[in-house]
Structures are given as C-alpha cells and as structure tokens.
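To keep things clear, I will list the structure first and then write my remarks on it.
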Amino acid sequence: MKLSGIICPMATPLASPSALDKEGVAKMVEHLVAGGVDGIFLLGTTGEGPHLPYAIRRELVAETCRLVAGRVHVFAGITETDLDAALAFARFCKDAGASFAVAAAPYYFQLSQGELAAWFTALADALPLPLVVYNMPSHVDTPIAPATMAKLAAHPNVVALKDSSGSISYFNKVRVAVEPFADKFAVFMGPDAAVGEAVLMGADGGVCTGANLWPRLFKELHLAAKAGDLARVRALQRFTTAANMRLYAVGSGHASIIQGVKAALSEMGLVRNVLATPFEPFSGEKLDAIRTAVAQLKTEAAKNA
C-alpha cells in the first residue's frame, strides 16, 4: 500500500529532560488521531530524537504504539551513525508495533552520494520495517541528490521520501526522478509553508510540524489540494504559513521550531514546556509572544474550520 496523507512529527512530551510525560503522550495521541492524521512520526527533528536518552526513546515508541492501537501508522526515527545500532533500535520499534522506520543520513561527516546510497541500501536490506528516507540537509549536512533518490526508490524496502530541504525546485526534480516507481514510492513535503503547493504539484502528502497543533486543518489542506480546490488551499496554506511565521521565528537557531511548538502545545494544555538537554524552553518575553500568537491563531483556526 502506497503511503499518503498527513503524517505528524510528534513533539515528545517530557516531564523532565530525563523523563517521559506519559499523560502528555496520551493527550497528544488522542489529539492527533481525532484530528485525522494518517500517521504519527516519532523521534524526528520536532520530536528532539537525537537528543533523547535511549530509555525515553524506547518508552515513547512502546507507549505511543500501545495507545495508537493500530488506528494510524506509527513511524519511528532511527537516525544513527552506526548501522548495527540503527538496526537494533528498528527491531525494538517493530516489536513495539511501529509500522515504518525513518532515517536521515548519518551526521557529522559529509558523505559522497555513493557513500550515501550504500548506507541507505545496507540499511534497507537489513531493516525489519519498510524505510522512509529523510532528506534533512540543514541538520545532517548531506543532501540527497535526485539521482541518488531514484536509485533508492528502486529498492523494494524503500517506500517514501520525507523532503525537508525547503526547496520546491529540489522537490520537483525528485518527483520526476522517482516517477518510474510511483506505484509504490511516496514523496512527502516537510515544511508547513510548502505542503499545499507540493501536493498540488504531485506530492503524496506532508510531514508537518504544525500538525501537532492543528491536525484537522492540515488534513483538510491535504484533501483540498488533492481535490484541486485552489481557493481552499490558498486559505489553509495562508493559515499554516502564518502560524509558522508567528511560532517558529520567536527564537533563533535550529531549536526555535522545537521551542515554539513545545511552548504552544503547553499553552494548549497538551504537553509541558520541557525540552531535552541542551535546549532551553521559552520563558519571559518569548513565552509571552507565543501565548499571544496562540490566542490569535486559535481565532483564525476557528474561522478556517
């Protein structure tokens, strides 16, 4: 079955930097499932995956799979720099009930395209779960070239790409490159502000941070784009873009998205405003800015419902 729809990269509810907030996990799962998402992606960028202790990673996957109980797909992030470690964690995730594994390129050293293809091929060959490749050049420093993605799409156990490059040009090149495998290989847009346009251009869906907050509106954006309802797409894309601008740009640096989302989810009563080490949660004027933005966006969301 080819993947499609809205997959939410779930923020990880934490009671402290070293403890999972199980109540928050339950709230988030029900919020997302009720909001109509097609899948929940754990331990990605929004989920602070690389910064979480392995005990929390395992507990999060097991608890989420238990609560989801097969209602939607669960995707588990297995981004590692060691193949055996990635495979071991993937086996745990499969046993816990996850449906798919998601992996970005190994980070720290930039890889050649040949090394990148060899890494993902070795991973896909041995994985106990279907693999979603995660293009995240801003964080791992190795972009996946369209030609490399086409090679990977030919692998029977590689089923999708999550593109977080933020480049519509790159997305279109990949879309053309993987056309021979369109019957089984899905392409998902990452950035919130591009998902409507990408689906209109042929994307199968989005993996959108903002779906943590407004899952129903992101789902409706996807459906409107699939139906070619341009007026509805414009209205919903404007809202999701405005939310992006007001919540993700309060801070600075790569962590600002996580800080903004966690603060906003806290204001909505879904999780605590606690981040993994070494990140600091928003406070003071920044938290006030998030609080004001959430109040305004709730009103705008109701108008778009």
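Identifiers in the structure tokens: chain A, B, ... in order shown; residue index from 1 per chain; ligand index from 1 in order shown.
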Contacts of Val250 (chain A) at 9 Å (only C-alpha atoms; same-chain gap of 2+ positions) as a count of residues only: 13
Spatial neighbours of region 25-42 of chain A, max dist 6 Å, only C-alpha atoms, sep filter under 3 positions, as a list in words: Gly5, Ile6, Ile7, Cys8, Pro9, Met10, Pro13, Lys22, Val72, His73, Val74, Phe75, Ala76, Gly77, Pro215, Arg216 and Leu270 of chain A
Atoms to include: N, CA and C atoms. Write the selected residues as a compact mmCIF listing (two decimals), in the first residue's frame.
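The resulting out-v1.txt:
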# COMPACT_ATOMS: atom_id res chain seq x y z
N GLY A 5 -1.11 11.22 2.64
CA GLY A 5 -1.81 11.95 3.70
C GLY A 5 -0.91 12.83 4.54
N ILE A 6 -1.37 13.12 5.74
CA ILE A 6 -0.64 13.96 6.68
C ILE A 6 -0.07 13.09 7.80
N ILE A 7 1.24 13.15 7.92
CA ILE A 7 1.95 12.46 8.99
C ILE A 7 2.47 13.53 9.95
N CYS A 8 2.13 13.40 11.22
CA CYS A 8 2.57 14.40 12.20
C CYS A 8 3.88 13.97 12.86
N PRO A 9 4.93 14.79 12.76
CA PRO A 9 6.17 14.52 13.50
C PRO A 9 5.97 14.96 14.96
N MET A 10 5.50 14.06 15.77
CA MET A 10 5.00 14.41 17.10
C MET A 10 6.09 14.96 18.01
N PRO A 13 6.46 14.58 24.53
CA PRO A 13 6.08 15.13 25.84
C PRO A 13 7.07 14.68 26.92
N LYS A 22 3.99 10.56 30.32
CA LYS A 22 3.05 9.61 29.74
C LYS A 22 1.66 10.22 29.57
N VAL A 72 -3.66 4.39 13.35
CA VAL A 72 -2.89 5.06 12.30
C VAL A 72 -1.50 4.43 12.27
N HIS A 73 -0.74 4.71 11.22
CA HIS A 73 0.62 4.22 11.14
C HIS A 73 1.51 4.93 12.17
N VAL A 74 2.45 4.21 12.75
CA VAL A 74 3.47 4.81 13.60
C VAL A 74 4.82 4.67 12.90
N PHE A 75 5.51 5.79 12.73
CA PHE A 75 6.82 5.86 12.09
C PHE A 75 7.86 6.13 13.19
N ALA A 76 8.93 5.38 13.20
CA ALA A 76 9.95 5.56 14.24
C ALA A 76 11.26 6.04 13.63
N GLY A 77 11.79 7.13 14.15
CA GLY A 77 13.07 7.65 13.69
C GLY A 77 14.22 6.80 14.20
N PRO A 215 -4.02 19.57 13.66
CA PRO A 215 -4.05 18.39 12.77
C PRO A 215 -5.21 18.40 11.78
N ARG A 216 -6.38 18.84 12.23
CA ARG A 216 -7.55 18.82 11.35
C ARG A 216 -7.36 19.76 10.16
N LEU A 270 -1.59 20.51 26.20
CA LEU A 270 -1.33 19.16 25.70
C LEU A 270 -0.03 18.57 26.24
Give me, as number ranges by chain, all polymer residues having an atom no more than 10 Å from Gly47 (chain A), counting only C-alpha atoms and skipping those fewer than 2 positions away in the same chain. A: 9-13, 41-45, 49-52, 57, 77, 209, 258, 262, 275-276
Would you tabulate, counting only C-alpha atoms, all residues of region 179-267 of chain A that have an atom at most 12 Å from an atom of region 131-134 of chain A, showing the closest pair of atoms and their distance in Å to one decimal, sorted by chain then ascending number, as a Markdown table?
| residue | atom | partner | partner_atom | distance |
| --- | --- | --- | --- | --- |
| A:Lys184 | CA | A:Val132 | CA | 12.0 |
| A:Phe185 | CA | A:Val132 | CA | 9.4 |
| A:Ala186 | CA | A:Val132 | CA | 9.0 |
| A:Val187 | CA | A:Val132 | CA | 9.5 |
| A:Phe188 | CA | A:Tyr134 | CA | 9.6 |
| A:Met189 | CA | A:Tyr134 | CA | 10.4 |
| A:Gly190 | CA | A:Tyr134 | CA | 9.4 |
| A:Val207 | CA | A:Tyr134 | CA | 10.4 |
Would you save the residues from that selection as a compact mmCIF listing (two decimals), in the first residue's frame, using N, CA and C atoms?
# COMPACT_ATOMS: atom_id res chain seq x y z
N LYS A 184 4.65 2.60 -5.96
CA LYS A 184 4.95 2.15 -4.60
C LYS A 184 5.73 3.16 -3.76
N PHE A 185 6.27 4.22 -4.40
CA PHE A 185 7.13 5.15 -3.69
C PHE A 185 6.44 6.50 -3.53
N ALA A 186 6.32 6.97 -2.29
CA ALA A 186 5.63 8.23 -1.99
C ALA A 186 6.63 9.34 -1.69
N VAL A 187 6.26 10.56 -2.04
CA VAL A 187 7.07 11.74 -1.75
C VAL A 187 6.28 12.68 -0.86
N PHE A 188 6.85 13.00 0.30
CA PHE A 188 6.20 13.87 1.28
C PHE A 188 6.98 15.17 1.44
N MET A 189 6.25 16.28 1.54
CA MET A 189 6.85 17.58 1.80
C MET A 189 6.96 17.78 3.31
N GLY A 190 8.08 18.36 3.75
CA GLY A 190 8.28 18.61 5.16
C GLY A 190 7.78 19.98 5.62
N VAL A 207 4.66 15.92 5.99
CA VAL A 207 5.09 15.56 7.34
C VAL A 207 5.33 16.89 8.04
I need the residues of region 183-278 of chain A that end up classed as helix (DSSP H, G or I) by DSSP on the backbone, written out as number ranges by chain. A: 192-200, 209-212, 215-227, 230-247, 256-267
Pull C-alpha atoms from the residues just selected and write them as a CSV table (one decimal), in the first residue's frame.
chain,number,residue,atom,x,y,z
A,192,ASP,CA,4.5,23.5,6.7
A,193,ALA,CA,4.6,26.5,4.4
A,194,ALA,CA,5.1,24.4,1.2
A,195,VAL,CA,2.8,21.4,1.7
A,196,GLY,CA,-0.3,22.8,-0.1
A,197,GLU,CA,1.8,23.8,-3.1
A,198,ALA,CA,3.7,20.5,-3.1
A,199,VAL,CA,0.5,18.3,-3.0
A,200,LEU,CA,-0.9,20.4,-5.9
A,209,THR,CA,5.3,20.2,12.4
A,210,GLY,CA,2.2,22.4,12.6
A,211,ALA,CA,0.0,19.3,12.6
A,212,ASN,CA,0.9,18.9,16.3
A,215,PRO,CA,-4.1,18.4,12.8
A,216,ARG,CA,-7.5,18.8,11.3
A,217,LEU,CA,-6.6,21.9,9.3
A,218,PHE,CA,-3.5,20.2,7.9
A,219,LYS,CA,-5.6,17.2,6.9
A,220,GLU,CA,-8.1,19.5,5.2
A,221,LEU,CA,-5.3,21.3,3.4
A,222,HIS,CA,-4.1,17.9,2.0
A,223,LEU,CA,-7.6,16.9,0.9
A,224,ALA,CA,-8.3,20.3,-0.7
A,225,ALA,CA,-5.0,20.1,-2.6
A,226,LYS,CA,-5.8,16.6,-3.8
A,227,ALA,CA,-9.2,17.8,-4.9
A,230,LEU,CA,-7.5,26.2,-5.1
A,231,ALA,CA,-9.5,28.7,-3.0
A,232,ARG,CA,-9.5,26.4,0.0
A,233,VAL,CA,-5.8,25.6,-0.4
A,234,ARG,CA,-4.9,29.3,-0.5
A,235,ALA,CA,-6.9,29.9,2.7
A,236,LEU,CA,-5.5,27.0,4.6
A,237,GLN,CA,-2.0,27.5,3.3
A,238,ARG,CA,-2.1,31.1,4.4
A,239,PHE,CA,-3.1,30.0,7.9
A,240,THR,CA,-0.4,27.3,8.2
A,241,THR,CA,2.2,29.7,6.9
A,242,ALA,CA,1.1,32.5,9.3
A,243,ALA,CA,1.3,30.0,12.2
A,244,ASN,CA,4.8,29.0,11.0
A,245,MET,CA,5.9,32.6,11.0
A,246,ARG,CA,4.5,33.5,14.4
A,247,LEU,CA,5.5,30.4,16.3
A,256,SER,CA,13.5,27.7,17.6
A,257,ILE,CA,10.9,25.4,15.9
A,258,ILE,CA,11.0,22.9,18.8
A,259,GLN,CA,10.9,25.7,21.4
A,260,GLY,CA,8.0,27.4,19.7
A,261,VAL,CA,6.0,24.2,19.2
A,262,LYS,CA,6.5,23.0,22.8
A,263,ALA,CA,5.5,26.4,24.2
A,264,ALA,CA,2.4,26.5,22.0
A,265,LEU,CA,1.4,22.9,22.9
A,266,SER,CA,1.9,23.8,26.6
A,267,GLU,CA,-0.4,26.8,26.1
Env of Ala118 (chain A): 12 Å cut, atoms = only C-alpha atoms, seq-sep filter 2 positions within chain, self excluded. Answer as a PyMOL selection string. chain A and resi 83+105-106+111-116+120-125+148-149+151-152+155
